[in-house]
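Beneath this line is the structure, given in structure tokens, with notes to follow.
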Amino acid sequence: VRYVGPAGDSVIARFPETLVSDRGPGHAGRVQAWVVGPGAGDDAAAVAEVLATDVPVLLDADGLRLADPGAVRARTAPTLLTPHAGEAAALLGVARGQVEGARLESVRELARRYGATVLLKGSTTLVAGPGDRTVRVNPTGTSWLATAGSGDVLSGLGGSLLAAGLSAVDAGSVAAYLHGLAGRFASDGAPAGAHDVAEAIPGAWRDVRD
């Protein structure tokens with residue numbers, strides 16, 4: 001894993017195996033996929049630089065707001081957007097309630113507008129590709145996943161699956177499934193934080209494989 005951003009020292013302190021850089025994506029070295037957006041703030045240049053690469057990209061959080069829709073549509077490599085309802089509403093230019101009341105139509109419209117795969121997070125997570133009316137519905141999950149940082153865990157997992165060679169639709173679907181299962185394992189009926197969910201992912205992975 002490579003981290004590009006201003007918090008390299010903090011990342012190394014927690015995960016010493018991570019390679020860090022504060023010189024921008026172009027100086028990070030070779031990667032198989034990018035996850036861009038969480039913690040990006042207003043760094044639109046970094047988001048644009050990542051979108052200009054020829055490897056799969058997962059866009060989340062600030063990256064959704066900063067990304068140029070035309071640049072997303074122009075990409076030939078897989079692209080996966082992971083908005084929650086509020087972010088989806090901002091991208092569509094509608095009220096959040098409209099997205100919540102028409103989640104199926106909303107995820108399809110986002111996929112069409114951006115020419116990308118969209119994972120719409122929520123109590124029922126949906127995954128839609130850009131050229132197919134088929135929408136996948138994730139059956140796992142728990143309300144305890146609605147906690148700060150949980151979406152970042154999902155993004156990291158999805159980016160890892162993109163790097164492993166899965167299509168954007170499959171990466172989004174598998175990430176949502178494992179993330180939801182990990183949330184169940186981590187909570188076990190009680191509140192769980194994002195770190196708890198992340199630490200439960202290996203157990204969820206083994207549960208699926210076995």
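Residue numbering restarts at 1 in every chain; chains get A, B, ... in the order shown in the structure tokens, and ligands count up from 1 in that same order.
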Shell of 10 Å around A:Ala71, only C-alpha atoms, local chain residues under 3 positions omitted, as a count of residues only | 8
Could you pull the residues within 6 Å of A:Leu59, counting only C-alpha atoms, minus those fewer than 3 positions along the same chain, as a short mmCIF file (atom, residue, chain, number, x, y, z; two decimals) with all heavy atoms, in the first residue's frame?
data_model
loop_
_atom_site.label_atom_id
_atom_site.label_comp_id
_atom_site.auth_asym_id
_atom_site.auth_seq_id
_atom_site.Cartn_x
_atom_site.Cartn_y
_atom_site.Cartn_z
N VAL A 36 -8.95 7.63 -4.22
CA VAL A 36 -8.71 9.06 -4.05
C VAL A 36 -9.97 9.74 -3.52
O VAL A 36 -11.08 9.41 -3.92
CB VAL A 36 -8.26 9.72 -5.37
CG1 VAL A 36 -9.33 9.64 -6.45
CG2 VAL A 36 -7.82 11.17 -5.14
N GLY A 37 -9.78 10.66 -2.59
CA GLY A 37 -10.90 11.42 -2.05
C GLY A 37 -10.91 11.56 -0.56
O GLY A 37 -10.99 12.69 -0.04
N GLY A 63 -13.20 13.41 -3.14
CA GLY A 63 -12.91 13.15 -4.54
C GLY A 63 -14.15 13.21 -5.42
O GLY A 63 -14.07 13.60 -6.59
N LEU A 64 -15.30 12.86 -4.87
CA LEU A 64 -16.55 12.94 -5.63
C LEU A 64 -16.88 14.38 -5.96
O LEU A 64 -17.34 14.69 -7.06
CB LEU A 64 -17.68 12.31 -4.83
CG LEU A 64 -17.55 10.81 -4.54
CD1 LEU A 64 -18.53 10.39 -3.45
CD2 LEU A 64 -17.77 10.00 -5.81
N LEU A 81 -17.33 4.85 -8.25
CA LEU A 81 -17.72 5.93 -7.36
C LEU A 81 -18.49 5.34 -6.18
O LEU A 81 -19.33 4.46 -6.38
CB LEU A 81 -18.62 6.94 -8.09
CG LEU A 81 -17.98 7.97 -9.03
CD1 LEU A 81 -17.25 7.31 -10.19
CD2 LEU A 81 -19.06 8.93 -9.56
#
For A:Gly93, work out the shell of residues within 12 Å, counting only C-alpha atoms and skipping chain neighbours fewer than 5 positions away, then give it as a VMD selection string.
-> chain A and resid 65 85 to 88 98 to 99 106 109 to 110
Could you write out, as a list in words, all the residues of stretch 158-192 of chain A that DSSP marks as alpha helix (DSSP H)?
-> Gly158, Gly159, Ser160, Leu161, Leu162, Ala163, Ala168, Val169, Asp170, Ala171, Gly172, Ser173, Val174, Ala175, Ala176, Tyr177, Leu178, His179, Gly180, Leu181, Ala182, Gly183, Arg184, Phe185, Ala186 and Ser187 of chain A
Please return, as a PDB file with N, CA and C atoms, in the first residue's frame, all residues of stretch 4-189 of chain A that DSSP assigns to strand (DSSP E) on the basis of the backbone.
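Saved the output as part.pdb:
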ATOM      1  N   VAL A   4      -0.312   8.729  -0.394  1.00  0.00           N
ATOM      2  CA  VAL A   4       0.133  10.014  -0.933  1.00  0.00           C
ATOM      3  C   VAL A   4      -0.669  11.110  -0.268  1.00  0.00           C
ATOM      4  N   LEU A  19       4.257   2.590   2.242  1.00  0.00           N
ATOM      5  CA  LEU A  19       5.150   3.524   1.557  1.00  0.00           C
ATOM      6  C   LEU A  19       4.431   4.859   1.444  1.00  0.00           C
ATOM      7  N   VAL A  20       5.075   5.942   1.831  1.00  0.00           N
ATOM      8  CA  VAL A  20       4.416   7.242   1.850  1.00  0.00           C
ATOM      9  C   VAL A  20       5.146   8.235   0.961  1.00  0.00           C
ATOM     10  N   SER A  21       4.393   9.220   0.510  1.00  0.00           N
ATOM     11  CA  SER A  21       4.941  10.295  -0.305  1.00  0.00           C
ATOM     12  C   SER A  21       4.079  11.531  -0.126  1.00  0.00           C
ATOM     13  N   TRP A  34      -5.895   3.228  -7.751  1.00  0.00           N
ATOM     14  CA  TRP A  34      -5.896   4.385  -6.853  1.00  0.00           C
ATOM     15  C   TRP A  34      -7.223   4.459  -6.103  1.00  0.00           C
ATOM     16  N   VAL A  35      -7.156   4.845  -4.837  1.00  0.00           N
ATOM     17  CA  VAL A  35      -8.321   5.296  -4.076  1.00  0.00           C
ATOM     18  C   VAL A  35      -8.070   6.760  -3.772  1.00  0.00           C
ATOM     19  N   VAL A  36      -8.945   7.629  -4.224  1.00  0.00           N
ATOM     20  CA  VAL A  36      -8.712   9.060  -4.047  1.00  0.00           C
ATOM     21  C   VAL A  36      -9.970   9.736  -3.518  1.00  0.00           C
ATOM     22  N   VAL A  57      -9.564   3.341 -10.734  1.00  0.00           N
ATOM     23  CA  VAL A  57      -9.669   4.397  -9.723  1.00  0.00           C
ATOM     24  C   VAL A  57     -10.980   4.253  -8.964  1.00  0.00           C
ATOM     25  N   LEU A  58     -10.898   4.378  -7.644  1.00  0.00           N
ATOM     26  CA  LEU A  58     -12.088   4.477  -6.794  1.00  0.00           C
ATOM     27  C   LEU A  58     -12.172   5.904  -6.269  1.00  0.00           C
ATOM     28  N   LEU A  59     -13.300   6.544  -6.508  1.00  0.00           N
ATOM     29  CA  LEU A  59     -13.548   7.923  -6.063  1.00  0.00           C
ATOM     30  C   LEU A  59     -14.501   7.925  -4.886  1.00  0.00           C
ATOM     31  N   THR A  79     -13.589   2.674 -13.326  1.00  0.00           N
ATOM     32  CA  THR A  79     -13.785   3.732 -12.336  1.00  0.00           C
ATOM     33  C   THR A  79     -14.985   3.375 -11.470  1.00  0.00           C
ATOM     34  N   LEU A  80     -14.801   3.495 -10.158  1.00  0.00           N
ATOM     35  CA  LEU A  80     -15.852   3.150  -9.199  1.00  0.00           C
ATOM     36  C   LEU A  80     -16.093   4.337  -8.277  1.00  0.00           C
ATOM     37  N   LEU A  81     -17.325   4.846  -8.254  1.00  0.00           N
ATOM     38  CA  LEU A  81     -17.723   5.934  -7.365  1.00  0.00           C
ATOM     39  C   LEU A  81     -18.486   5.343  -6.185  1.00  0.00           C
ATOM     40  N   THR A 117     -19.001   2.898 -12.826  1.00  0.00           N
ATOM     41  CA  THR A 117     -19.745   2.077 -11.871  1.00  0.00           C
ATOM     42  C   THR A 117     -19.976   2.880 -10.604  1.00  0.00           C
ATOM     43  N   VAL A 118     -21.158   2.763 -10.031  1.00  0.00           N
ATOM     44  CA  VAL A 118     -21.516   3.521  -8.831  1.00  0.00           C
ATOM     45  C   VAL A 118     -21.974   2.569  -7.741  1.00  0.00           C
ATOM     46  N   LEU A 119     -21.390   2.715  -6.568  1.00  0.00           N
ATOM     47  CA  LEU A 119     -21.828   2.002  -5.366  1.00  0.00           C
ATOM     48  C   LEU A 119     -22.499   3.041  -4.466  1.00  0.00           C
ATOM     49  N   LEU A 120     -23.807   2.943  -4.345  1.00  0.00           N
ATOM     50  CA  LEU A 120     -24.568   3.888  -3.528  1.00  0.00           C
ATOM     51  C   LEU A 120     -24.726   3.299  -2.128  1.00  0.00           C
ATOM     52  N   LEU A 126     -26.406  -0.390  -3.127  1.00  0.00           N
ATOM     53  CA  LEU A 126     -26.662  -0.772  -4.511  1.00  0.00           C
ATOM     54  C   LEU A 126     -25.413  -0.555  -5.347  1.00  0.00           C
ATOM     55  N   VAL A 127     -25.187  -1.411  -6.339  1.00  0.00           N
ATOM     56  CA  VAL A 127     -24.053  -1.274  -7.254  1.00  0.00           C
ATOM     57  C   VAL A 127     -24.582  -1.353  -8.677  1.00  0.00           C
ATOM     58  N   ALA A 128     -24.286  -0.307  -9.474  1.00  0.00           N
ATOM     59  CA  ALA A 128     -24.757  -0.245 -10.855  1.00  0.00           C
ATOM     60  C   ALA A 128     -23.607   0.069 -11.789  1.00  0.00           C
ATOM     61  N   VAL A 135     -28.829  -3.956 -11.520  1.00  0.00           N
ATOM     62  CA  VAL A 135     -28.302  -3.357 -10.284  1.00  0.00           C
ATOM     63  C   VAL A 135     -28.173  -4.452  -9.245  1.00  0.00           C
ATOM     64  N   ARG A 136     -27.010  -4.535  -8.628  1.00  0.00           N
ATOM     65  CA  ARG A 136     -26.788  -5.520  -7.568  1.00  0.00           C
ATOM     66  C   ARG A 136     -27.137  -4.916  -6.215  1.00  0.00           C
ATOM     67  N   VAL A 137     -27.772  -5.719  -5.378  1.00  0.00           N
ATOM     68  CA  VAL A 137     -28.198  -5.287  -4.050  1.00  0.00           C
ATOM     69  C   VAL A 137     -27.406  -6.078  -3.017  1.00  0.00           C
TER      70      VAL A 137
END
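With only C-alpha atoms as the atoms that count, the residue of A:Ala28, A:Arg23, A:Ala146, A:Leu66 with the shortest distance to A:Ala44 is A:Leu66.
Here atom CA of A:Asp132 and atom CA of A:Asp62 stand 26.8 Å from one another.
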Test item: residues at most 12 Å from A:Gly203, only C-alpha atoms, excluding those fewer than 2 positions along its chain, as number ranges by chain = A: 178-179, 181-186, 196-201, 205-210
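Among the candidates A:Ala61, A:Val31, A:Arg108, A:Gly129, the residue lying nearest to A:Leu162 is A:Val31 (atoms considered: only C-alpha atoms).
One finds atom CA of A:Gly122 at 10.9 Å from atom CA of A:Gly180.
Take the candidates A:Ser187, A:Thr82, A:Thr134, A:Thr124 and check each one against A:Ala171 using only C-alpha atoms; the shortest distance goes to A:Thr82.
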So which residues touch A:Ala164 within 9 Å, counting only C-alpha atoms, skipping near sequence neighbours fewer than 3 positions away, as a list of chain:residue names?
-> A:Gln32, A:Ala33, A:Gly159, A:Ser160, A:Leu161
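Computed from the coordinates, the atom CA of A:Pro78 to atom CA of A:Gly29 distance equals 19.7 Å.
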Write out as a ChimeraX atom specification each polymer residue whose atoms come within 7 Å of A:Gly115, counting only C-alpha atoms; drop sequence neighbours fewer than 4 positions from it.
-> /A:73,111,130
